[in-house]
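Novice: Pasting my_file-v8.json here (JSON, N, CA and C atoms and all ligand atoms):
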```json
[["chain", "number", "residue", "atom", "x", "y", "z"],
["A", 13, "MET", "N", -16.60, 20.15, 5.14],
["A", 13, "MET", "CA", -16.77, 18.87, 4.48],
["A", 13, "MET", "C", -15.54, 18.01, 4.73],
["A", 14, "GLU", "N", -15.79, 16.76, 5.11],
["A", 14, "GLU", "CA", -14.67, 15.86, 5.39],
["A", 14, "GLU", "C", -14.17, 15.24, 4.09],
["A", 15, "ILE", "N", -12.86, 15.26, 3.90],
["A", 15, "ILE", "CA", -12.26, 14.68, 2.71],
["A", 15, "ILE", "C", -12.03, 13.19, 2.96],
["A", 16, "GLU", "N", -12.49, 12.38, 2.01],
["A", 16, "GLU", "CA", -12.34, 10.94, 2.15],
["A", 16, "GLU", "C", -10.87, 10.55, 1.95],
["A", 17, "LYS", "N", -10.35, 9.81, 2.90],
["A", 17, "LYS", "CA", -8.96, 9.37, 2.80],
["A", 17, "LYS", "C", -8.87, 8.14, 1.92],
["A", 18, "LYS", "N", -7.81, 8.06, 1.11],
["A", 18, "LYS", "CA", -7.54, 6.87, 0.32],
["A", 18, "LYS", "C", -7.01, 5.80, 1.26],
["A", 19, "GLU", "N", -7.43, 4.57, 1.03],
["A", 19, "GLU", "CA", -7.05, 3.49, 1.93],
["A", 19, "GLU", "C", -5.99, 2.59, 1.28],
["A", 20, "ILE", "N", -4.90, 2.42, 2.00],
["A", 20, "ILE", "CA", -3.86, 1.49, 1.59],
["A", 20, "ILE", "C", -3.72, 0.46, 2.71],
["A", 21, "ILE", "N", -3.89, -0.81, 2.33],
["A", 21, "ILE", "CA", -3.86, -1.87, 3.34],
["A", 21, "ILE", "C", -2.75, -2.86, 3.00],
["A", 22, "ILE", "N", -1.87, -3.08, 3.93],
["A", 22, "ILE", "CA", -0.80, -4.04, 3.74],
["A", 22, "ILE", "C", -1.16, -5.33, 4.48],
["A", 23, "CYS", "N", -0.92, -6.45, 3.81],
["A", 23, "CYS", "CA", -1.22, -7.73, 4.45],
["A", 23, "CYS", "C", -0.13, -8.04, 5.48],
["A", 24, "LEU", "N", -0.57, -8.25, 6.70],
["A", 24, "LEU", "CA", 0.38, -8.60, 7.76],
["A", 24, "LEU", "C", 0.16, -10.04, 8.23],
["A", 25, "GLY", "N", -0.47, -10.84, 7.36],
["A", 25, "GLY", "CA", -0.55, -12.27, 7.63],
["A", 25, "GLY", "C", 0.85, -12.86, 7.64],
["A", 26, "SER", "N", 1.00, -14.01, 8.23],
["A", 26, "SER", "CA", 2.35, -14.55, 8.47],
["A", 26, "SER", "C", 3.13, -14.77, 7.17],
["A", 27, "SER", "N", 2.47, -15.23, 6.11],
["A", 27, "SER", "CA", 3.18, -15.48, 4.86],
["A", 27, "SER", "C", 3.69, -14.18, 4.24],
["A", 28, "CYS", "N", 2.82, -13.21, 4.08],
["A", 28, "CYS", "CA", 3.24, -11.93, 3.50],
["A", 28, "CYS", "C", 4.24, -11.20, 4.39],
["A", 29, "PHE", "N", 4.06, -11.31, 5.69],
["A", 29, "PHE", "CA", 4.98, -10.64, 6.62],
["A", 29, "PHE", "C", 6.37, -11.20, 6.46],
["A", 30, "ALA", "N", 6.47, -12.55, 6.38],
["A", 30, "ALA", "CA", 7.78, -13.20, 6.25],
["A", 30, "ALA", "C", 8.39, -12.97, 4.88],
["A", 31, "ARG", "N", 7.58, -12.78, 3.86],
["A", 31, "ARG", "CA", 8.09, -12.61, 2.49],
["A", 31, "ARG", "C", 8.50, -11.17, 2.18],
["A", 32, "GLY", "N", 8.29, -10.25, 3.08],
["A", 32, "GLY", "CA", 8.79, -8.91, 2.82],
["A", 32, "GLY", "C", 7.92, -7.76, 3.27],
["A", 33, "ASN", "N", 6.66, -8.02, 3.63],
["A", 33, "ASN", "CA", 5.82, -6.90, 4.03],
["A", 33, "ASN", "C", 6.28, -6.25, 5.33],
["A", 34, "LYS", "N", 7.04, -7.00, 6.12],
["A", 34, "LYS", "CA", 7.61, -6.40, 7.33],
["A", 34, "LYS", "C", 8.44, -5.16, 6.96],
["A", 35, "GLU", "N", 9.26, -5.27, 5.92],
["A", 35, "GLU", "CA", 10.09, -4.14, 5.48],
["A", 35, "GLU", "C", 9.26, -3.10, 4.73],
["A", 36, "LEU", "N", 8.24, -3.56, 4.00],
["A", 36, "LEU", "CA", 7.44, -2.61, 3.20],
["A", 36, "LEU", "C", 6.63, -1.65, 4.07],
["A", 37, "VAL", "N", 6.30, -2.03, 5.29],
["A", 37, "VAL", "CA", 5.58, -1.13, 6.19],
["A", 37, "VAL", "C", 6.41, 0.15, 6.38],
["A", 38, "ARG", "N", 7.69, -0.02, 6.68],
["A", 38, "ARG", "CA", 8.55, 1.14, 6.88],
["A", 38, "ARG", "C", 8.70, 1.94, 5.59],
["A", 39, "LEU", "N", 8.89, 1.24, 4.50],
["A", 39, "LEU", "CA", 9.09, 1.91, 3.22],
["A", 39, "LEU", "C", 7.87, 2.74, 2.82],
["A", 40, "ILE", "N", 6.68, 2.19, 3.00],
["A", 40, "ILE", "CA", 5.46, 2.92, 2.64],
["A", 40, "ILE", "C", 5.25, 4.10, 3.58],
["A", 41, "ASN", "N", 5.48, 3.90, 4.86],
["A", 41, "ASN", "CA", 5.37, 5.03, 5.80],
["A", 41, "ASN", "C", 6.34, 6.15, 5.43],
["A", 42, "ASP", "N", 7.57, 5.80, 5.06],
["A", 42, "ASP", "CA", 8.55, 6.81, 4.64],
["A", 42, "ASP", "C", 8.07, 7.53, 3.39],
["A", 43, "TYR", "N", 7.55, 6.77, 2.43],
["A", 43, "TYR", "CA", 7.06, 7.35, 1.17],
["A", 43, "TYR", "C", 5.97, 8.39, 1.46],
["A", 44, "LEU", "N", 5.00, 8.00, 2.30],
["A", 44, "LEU", "CA", 3.87, 8.90, 2.60],
["A", 44, "LEU", "C", 4.34, 10.13, 3.37],
["A", 45, "ARG", "N", 5.25, 9.93, 4.31],
["A", 45, "ARG", "CA", 5.74, 11.04, 5.12],
["A", 45, "ARG", "C", 6.53, 12.03, 4.26],
["A", 46, "GLN", "N", 7.42, 11.52, 3.41],
["A", 46, "GLN", "CA", 8.27, 12.39, 2.59],
["A", 46, "GLN", "C", 7.46, 13.22, 1.59],
["A", 47, "ARG", "N", 6.28, 12.74, 1.23],
["A", 47, "ARG", "CA", 5.46, 13.45, 0.24],
["A", 47, "ARG", "C", 4.26, 14.16, 0.89],
["A", 48, "ASN", "N", 4.28, 14.25, 2.20],
["A", 48, "ASN", "CA", 3.19, 14.91, 2.95],
["A", 48, "ASN", "C", 1.82, 14.33, 2.61],
["A", 49, "LEU", "N", 1.75, 13.01, 2.54],
["A", 49, "LEU", "CA", 0.51, 12.35, 2.18],
["A", 49, "LEU", "C", -0.17, 11.67, 3.37],
["A", 50, "LEU", "N", 0.41, 11.79, 4.54],
["A", 50, "LEU", "CA", -0.13, 11.08, 5.70],
["A", 50, "LEU", "C", -1.57, 11.49, 6.02],
["A", 51, "ASN", "N", -1.92, 12.72, 5.74],
["A", 51, "ASN", "CA", -3.28, 13.18, 6.03],
["A", 51, "ASN", "C", -4.28, 12.79, 4.95],
["A", 52, "ASP", "N", -3.77, 12.36, 3.79],
["A", 52, "ASP", "CA", -4.65, 11.99, 2.68],
["A", 52, "ASP", "C", -4.92, 10.50, 2.62],
["A", 53, "VAL", "N", -4.16, 9.74, 3.39],
["A", 53, "VAL", "CA", -4.19, 8.28, 3.26],
["A", 53, "VAL", "C", -4.42, 7.65, 4.62],
["A", 54, "ARG", "N", -5.21, 6.60, 4.61],
["A", 54, "ARG", "CA", -5.34, 5.76, 5.80],
["A", 54, "ARG", "C", -4.56, 4.48, 5.50],
["A", 55, "PHE", "N", -3.37, 4.37, 6.06],
["A", 55, "PHE", "CA", -2.50, 3.23, 5.84],
["A", 55, "PHE", "C", -2.54, 2.34, 7.07],
["A", 56, "HIS", "N", -2.91, 1.07, 6.85],
["A", 56, "HIS", "CA", -2.98, 0.15, 7.98],
["A", 56, "HIS", "C", -2.81, -1.28, 7.50],
["A", 57, "GLY", "N", -2.70, -2.18, 8.45],
["A", 57, "GLY", "CA", -2.51, -3.59, 8.12],
["A", 57, "GLY", "C", -3.75, -4.41, 8.39],
["A", 58, "GLU", "N", -3.85, -5.51, 7.69],
["A", 58, "GLU", "CA", -4.88, -6.52, 7.95],
["A", 58, "GLU", "C", -4.23, -7.88, 7.83],
["A", 59, "ARG", "N", -4.96, -8.89, 8.27],
["A", 59, "ARG", "CA", -4.40, -10.24, 8.25],
["A", 59, "ARG", "C", -5.00, -11.07, 7.13],
["A", 60, "CYS", "N", -4.19, -11.42, 6.19],
["A", 60, "CYS", "CA", -4.46, -12.39, 5.12],
["A", 60, "CYS", "C", -5.64, -12.02, 4.22],
["A", 61, "PHE", "N", -5.30, -11.78, 2.96],
["A", 61, "PHE", "CA", -6.28, -11.50, 1.92],
["A", 61, "PHE", "C", -6.65, -12.78, 1.16],
["A", 62, "GLY", "N", -6.08, -13.90, 1.55],
["A", 62, "GLY", "CA", -6.37, -15.16, 0.87],
["A", 62, "GLY", "C", -5.57, -15.36, -0.41],
["A", 63, "HIS", "N", -4.51, -14.60, -0.59],
["A", 63, "HIS", "CA", -3.66, -14.72, -1.78],
["A", 63, "HIS", "C", -2.24, -15.10, -1.36],
["A", 64, "CYS", "N", -2.11, -15.90, -0.32],
["A", 64, "CYS", "CA", -0.81, -16.15, 0.32],
["A", 64, "CYS", "C", 0.27, -16.61, -0.66],
["A", 65, "SER", "N", -0.08, -17.48, -1.59],
["A", 65, "SER", "CA", 0.94, -18.02, -2.50],
["A", 65, "SER", "C", 1.42, -16.96, -3.48],
["A", 66, "LYS", "N", 0.73, -15.83, -3.57],
["A", 66, "LYS", "CA", 1.12, -14.76, -4.49],
["A", 66, "LYS", "C", 1.56, -13.51, -3.74],
["A", 67, "GLY", "N", 1.88, -13.68, -2.47],
["A", 67, "GLY", "CA", 2.30, -12.55, -1.67],
["A", 67, "GLY", "C", 3.73, -12.17, -1.92],
["A", 68, "PRO", "N", 4.16, -11.08, -1.36],
["A", 68, "PRO", "CA", 3.44, -10.18, -0.47],
["A", 68, "PRO", "C", 2.33, -9.40, -1.19],
["A", 69, "VAL", "N", 1.27, -9.15, -0.46],
["A", 69, "VAL", "CA", 0.09, -8.50, -1.01],
["A", 69, "VAL", "C", -0.08, -7.11, -0.40],
["A", 70, "LEU", "N", -0.46, -6.17, -1.27],
["A", 70, "LEU", "CA", -0.74, -4.79, -0.85],
["A", 70, "LEU", "C", -2.00, -4.32, -1.57],
["A", 71, "LYS", "N", -2.96, -3.82, -0.83],
["A", 71, "LYS", "CA", -4.20, -3.33, -1.43],
["A", 71, "LYS", "C", -4.17, -1.80, -1.44],
["A", 72, "ILE", "N", -4.34, -1.22, -2.62],
["A", 72, "ILE", "CA", -4.40, 0.23, -2.76],
["A", 72, "ILE", "C", -5.81, 0.57, -3.23],
["A", 73, "VAL", "N", -6.59, 1.18, -2.37],
["A", 73, "VAL", "CA", -8.02, 1.42, -2.57],
["A", 73, "VAL", "C", -8.67, 0.06, -2.85],
["A", 74, "ASP", "N", -9.15, -0.21, -4.05],
["A", 74, "ASP", "CA", -9.81, -1.49, -4.29],
["A", 74, "ASP", "C", -8.97, -2.43, -5.16],
["A", 75, "GLN", "N", -7.71, -2.08, -5.36],
["A", 75, "GLN", "CA", -6.82, -2.87, -6.22],
["A", 75, "GLN", "C", -5.89, -3.73, -5.37],
["A", 76, "ILE", "N", -5.99, -5.06, -5.53],
["A", 76, "ILE", "CA", -5.09, -5.96, -4.82],
["A", 76, "ILE", "C", -3.87, -6.20, -5.69],
["A", 77, "ASN", "N", -2.70, -5.95, -5.14],
["A", 77, "ASN", "CA", -1.43, -6.13, -5.85],
["A", 77, "ASN", "C", -0.68, -7.29, -5.23],
["A", 78, "GLU", "N", -0.19, -8.18, -6.08],
["A", 78, "GLU", "CA", 0.49, -9.39, -5.61],
["A", 78, "GLU", "C", 1.98, -9.31, -5.93],
["A", 79, "LYS", "N", 2.74, -10.15, -5.23],
["A", 79, "LYS", "CA", 4.20, -10.24, -5.42],
["A", 79, "LYS", "C", 4.85, -8.86, -5.36],
["A", 80, "VAL", "N", 4.49, -8.11, -4.36],
["A", 80, "VAL", "CA", 5.00, -6.75, -4.20],
["A", 80, "VAL", "C", 6.35, -6.79, -3.48],
["A", 81, "ASP", "N", 7.33, -6.17, -4.10],
["A", 81, "ASP", "CA", 8.64, -6.03, -3.45],
["A", 81, "ASP", "C", 8.97, -4.54, -3.35],
["A", 82, "GLU", "N", 10.18, -4.23, -2.89],
["A", 82, "GLU", "CA", 10.52, -2.82, -2.65],
["A", 82, "GLU", "C", 10.47, -1.99, -3.92],
["A", 83, "GLU", "N", 10.91, -2.57, -5.03],
["A", 83, "GLU", "CA", 10.89, -1.84, -6.29],
["A", 83, "GLU", "C", 9.45, -1.64, -6.78],
["A", 84, "LYS", "N", 8.67, -2.71, -6.72],
["A", 84, "LYS", "CA", 7.29, -2.65, -7.23],
["A", 84, "LYS", "C", 6.42, -1.71, -6.39],
["A", 85, "VAL", "N", 6.64, -1.68, -5.08],
["A", 85, "VAL", "CA", 5.77, -0.85, -4.25],
["A", 85, "VAL", "C", 5.95, 0.63, -4.59],
["A", 86, "LEU", "N", 7.17, 1.03, -4.91],
["A", 86, "LEU", "CA", 7.40, 2.44, -5.26],
["A", 86, "LEU", "C", 6.71, 2.78, -6.57],
["A", 87, "LEU", "N", 6.75, 1.86, -7.53],
["A", 87, "LEU", "CA", 6.06, 2.08, -8.80],
["A", 87, "LEU", "C", 4.55, 2.15, -8.59],
["A", 88, "LEU", "N", 4.02, 1.25, -7.78],
["A", 88, "LEU", "CA", 2.58, 1.25, -7.52],
["A", 88, "LEU", "C", 2.14, 2.55, -6.87],
["A", 89, "LEU", "N", 2.90, 3.00, -5.88],
["A", 89, "LEU", "CA", 2.52, 4.23, -5.18],
["A", 89, "LEU", "C", 2.66, 5.44, -6.10],
["A", 90, "ASP", "N", 3.76, 5.49, -6.88],
["A", 90, "ASP", "CA", 3.93, 6.60, -7.83],
["A", 90, "ASP", "C", 2.78, 6.63, -8.83],
["A", 91, "ASN", "N", 2.44, 5.47, -9.38],
["A", 91, "ASN", "CA", 1.35, 5.41, -10.36],
["A", 91, "ASN", "C", 0.02, 5.82, -9.74],
["A", 92, "PHE", "N", -0.24, 5.35, -8.55],
["A", 92, "PHE", "CA", -1.51, 5.68, -7.90],
["A", 92, "PHE", "C", -1.61, 7.17, -7.62],
["A", 93, "PHE", "N", -0.59, 7.74, -7.02],
["A", 93, "PHE", "CA", -0.69, 9.16, -6.65],
["A", 93, "PHE", "C", -0.59, 10.08, -7.86],
["A", 94, "THR", "N", 0.08, 9.66, -8.92],
["A", 94, "THR", "CA", 0.10, 10.45, -10.14],
["A", 94, "THR", "C", -1.29, 10.50, -10.76],
["A", 95, "SER", "N", -1.95, 9.35, -10.86],
["A", 95, "SER", "CA", -3.30, 9.34, -11.45],
["A", 95, "SER", "C", -4.29, 10.04, -10.53],
["A", 96, "TYR", "N", -4.10, 9.93, -9.23],
["A", 96, "TYR", "CA", -4.96, 10.61, -8.27],
["A", 96, "TYR", "C", -4.85, 12.13, -8.42],
["A", 97, "GLU", "N", -3.62, 12.62, -8.58],
["A", 97, "GLU", "CA", -3.41, 14.06, -8.77],
["A", 97, "GLU", "C", -4.05, 14.53, -10.07],
["A", 98, "GLN", "N", -3.95, 13.72, -11.13],
["A", 98, "GLN", "CA", -4.52, 14.11, -12.42],
["A", 98, "GLN", "C", -6.05, 14.17, -12.36],
["A", 99, "MET", "N", -6.65, 13.26, -11.58],
["A", 99, "MET", "CA", -8.11, 13.27, -11.44],
["A", 99, "MET", "C", -8.57, 14.50, -10.65],
["A", 100, "ALA", "N", -7.72, 15.00, -9.77],
["A", 100, "ALA", "CA", -8.09, 16.15, -8.95],
["A", 100, "ALA", "C", -8.03, 17.45, -9.72],
["A", 101, "LEU", "N", -7.36, 17.44, -10.89],
["A", 101, "LEU", "CA", -7.22, 18.67, -11.67],
["A", 101, "LEU", "C", -8.51, 19.04, -12.40],
["B", 201, "LIG", "S1", -0.72, -13.85, 4.38],
["B", 201, "LIG", "FE1", -0.96, -12.25, 2.91],
["B", 201, "LIG", "S2", -2.51, -13.02, 1.60],
["B", 201, "LIG", "FE2", -2.35, -14.55, 3.12]]
```
Would you mind writing the file out in structure tokens?
Ligand code: FES
Specialist:
Amino acid sequence: MEIEKKEIIICLGSSCFARGNKELVRLINDYLRQRNLLNDVRFHGERCFGHCSKGPVLKIVDQINEKVDEEKVLLLLDNFFTSYEQMAL
């Protein structure tokens, strides 16, 4: 049986890219690698979610997160994977 991967999508539209998502790509990849989550997650970029004025934008599964910075992204990922682990129990 194939396990469904959780999808994390970072906006790589020009506004979000310039506002910080360029750096968040590396940070999220490091986070996933350090926690051995690369096989559980499909992490990729897309162009513009239509929330440019509230960027940088990061979508975790079906949740769109706005004004994401380095501090907020770590909290979002910690919260997501903590609740995900609890649901798996
Ligand atoms: S560039 Fe990211 S929402 Fe438009």
Novice: Which one is closest to Ser27 in chain A: A:Asn77, A:Gln46, A:Asn91, A:Ser65? Count only N, CA and C atoms.
Specialist: A:Ser65
Novice: So which residues touch Arg54 in chain A within 7 Å, counting only C-alpha atoms, skipping near sequence neighbours fewer than 3 positions away, as a list in words?
Specialist: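 Using only C-alpha atoms, the neighbours found are Lys17, Lys18, Glu19 and Ile20 of chain A.
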Novice: Which residues are near ligand LIG 201 (chain B) in this structure, taking near to mean any atom at most 7 Å from a ligand atom and counting all atoms listed in the file? Format them as an MDAnalysis selection string.
Specialist: chainID A and resid 23:29 59:69
Novice: May I ask which of the residues A:Ile40, A:Tyr96, A:Glu58, A:Asn33 is the closest one to Lys79 in chain A, counting only C-alpha atoms?
Specialist: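 Closest candidate: A:Asn33.
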Novice: Counting only C-alpha atoms, which of A:Gln98, A:Arg38, A:Val53, A:Tyr43 gets nearest to Leu86 in chain A?
Specialist: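 When distances to Leu86 in chain A are compared using only C-alpha atoms, the smallest one comes from A:Tyr43.
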Novice: Can you tell me which residues surround Leu36 in chain A at a distance of at most 8 Å, considering all atoms listed in the file, apart from same-chain residues fewer than 6 positions away, and format the answer as a ChimeraX atom specification?
Specialist: /A:22,42,80-82,85
Novice: DSSP on the backbone: which residues in range 15-100 of chain A end up as strand (DSSP E or B)? Give the answer as a short mmCIF file (atom, residue, chain, number, x, y, z; two decimals) with N, CA and C atoms, keeping the file's coordinate frame.
Specialist:
```cif
data_model
loop_
_atom_site.label_atom_id
_atom_site.label_comp_id
_atom_site.auth_asym_id
_atom_site.auth_seq_id
_atom_site.Cartn_x
_atom_site.Cartn_y
_atom_site.Cartn_z
N LYS A 18 -7.81 8.06 1.11
CA LYS A 18 -7.54 6.87 0.32
C LYS A 18 -7.01 5.80 1.26
N GLU A 19 -7.43 4.57 1.03
CA GLU A 19 -7.05 3.49 1.93
C GLU A 19 -5.99 2.59 1.28
N ILE A 20 -4.90 2.42 2.00
CA ILE A 20 -3.86 1.49 1.59
C ILE A 20 -3.72 0.46 2.71
N ILE A 21 -3.89 -0.81 2.33
CA ILE A 21 -3.86 -1.87 3.34
C ILE A 21 -2.75 -2.86 3.00
N ILE A 22 -1.87 -3.08 3.93
CA ILE A 22 -0.80 -4.04 3.74
C ILE A 22 -1.16 -5.33 4.48
N CYS A 23 -0.92 -6.45 3.81
CA CYS A 23 -1.22 -7.73 4.45
C CYS A 23 -0.13 -8.04 5.48
N VAL A 53 -4.16 9.74 3.39
CA VAL A 53 -4.19 8.28 3.26
C VAL A 53 -4.42 7.65 4.62
N ARG A 54 -5.21 6.60 4.61
CA ARG A 54 -5.34 5.76 5.80
C ARG A 54 -4.56 4.48 5.50
N PHE A 55 -3.37 4.37 6.06
CA PHE A 55 -2.50 3.23 5.84
C PHE A 55 -2.54 2.34 7.07
N HIS A 56 -2.91 1.07 6.85
CA HIS A 56 -2.98 0.15 7.98
C HIS A 56 -2.81 -1.28 7.50
N GLY A 57 -2.70 -2.18 8.45
CA GLY A 57 -2.51 -3.59 8.12
C GLY A 57 -3.75 -4.41 8.39
N GLU A 58 -3.85 -5.51 7.69
CA GLU A 58 -4.88 -6.52 7.95
C GLU A 58 -4.23 -7.88 7.83
N LEU A 70 -0.46 -6.17 -1.27
CA LEU A 70 -0.74 -4.79 -0.85
C LEU A 70 -2.00 -4.32 -1.57
N LYS A 71 -2.96 -3.82 -0.83
CA LYS A 71 -4.20 -3.33 -1.43
C LYS A 71 -4.17 -1.80 -1.44
N ILE A 72 -4.34 -1.22 -2.62
CA ILE A 72 -4.40 0.23 -2.76
C ILE A 72 -5.81 0.57 -3.23
N GLN A 75 -7.71 -2.08 -5.36
CA GLN A 75 -6.82 -2.87 -6.22
C GLN A 75 -5.89 -3.73 -5.37
N ILE A 76 -5.99 -5.06 -5.53
CA ILE A 76 -5.09 -5.96 -4.82
C ILE A 76 -3.87 -6.20 -5.69
N ASN A 77 -2.70 -5.95 -5.14
CA ASN A 77 -1.43 -6.13 -5.85
C ASN A 77 -0.68 -7.29 -5.23
#
```
Novice: To one decimal place, how far is atom C of Glu78 in chain A from CA of Phe93 in chain A in Å?
Specialist: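 We find that atom C of Glu78 in chain A and CA of Phe93 in chain A lie 18.7 Å from each other.
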Novice: Please determine, counting only C-alpha atoms, which residue among A:Gly32, A:Asp52, A:Glu83, A:Gln75 has the shortest atom-to-atom distance to Glu97 in chain A.
Specialist: A:Asp52
Novice: Among chain A, which ones does DSSP assign to helix (DSSP H, G or I) (computed from the backbone)? Answer as JSON, numbers by chain.
Specialist: {"A": [26, 27, 28, 29, 30, 31, 32, 33, 34, 35, 36, 37, 38, 39, 40, 41, 42, 43, 44, 45, 46, 64, 65, 66, 82, 83, 84, 85, 86, 87, 88, 89, 90, 91, 92, 93, 94, 95, 96, 97, 98, 99, 100]}
Novice: I'd like the interatomic distance between atom C of Glu16 in chain A and CA of Val37 in chain A, to a tenth of an Å.
Specialist: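 So the two atoms, atom C of Glu16 in chain A and CA of Val37 in chain A, lie 20.6 Å apart.
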Novice: What's the separation between atom N of Leu87 in chain A and atom N of Val73 in chain A, in Å to one decimal place?
Specialist: 14.3 Å
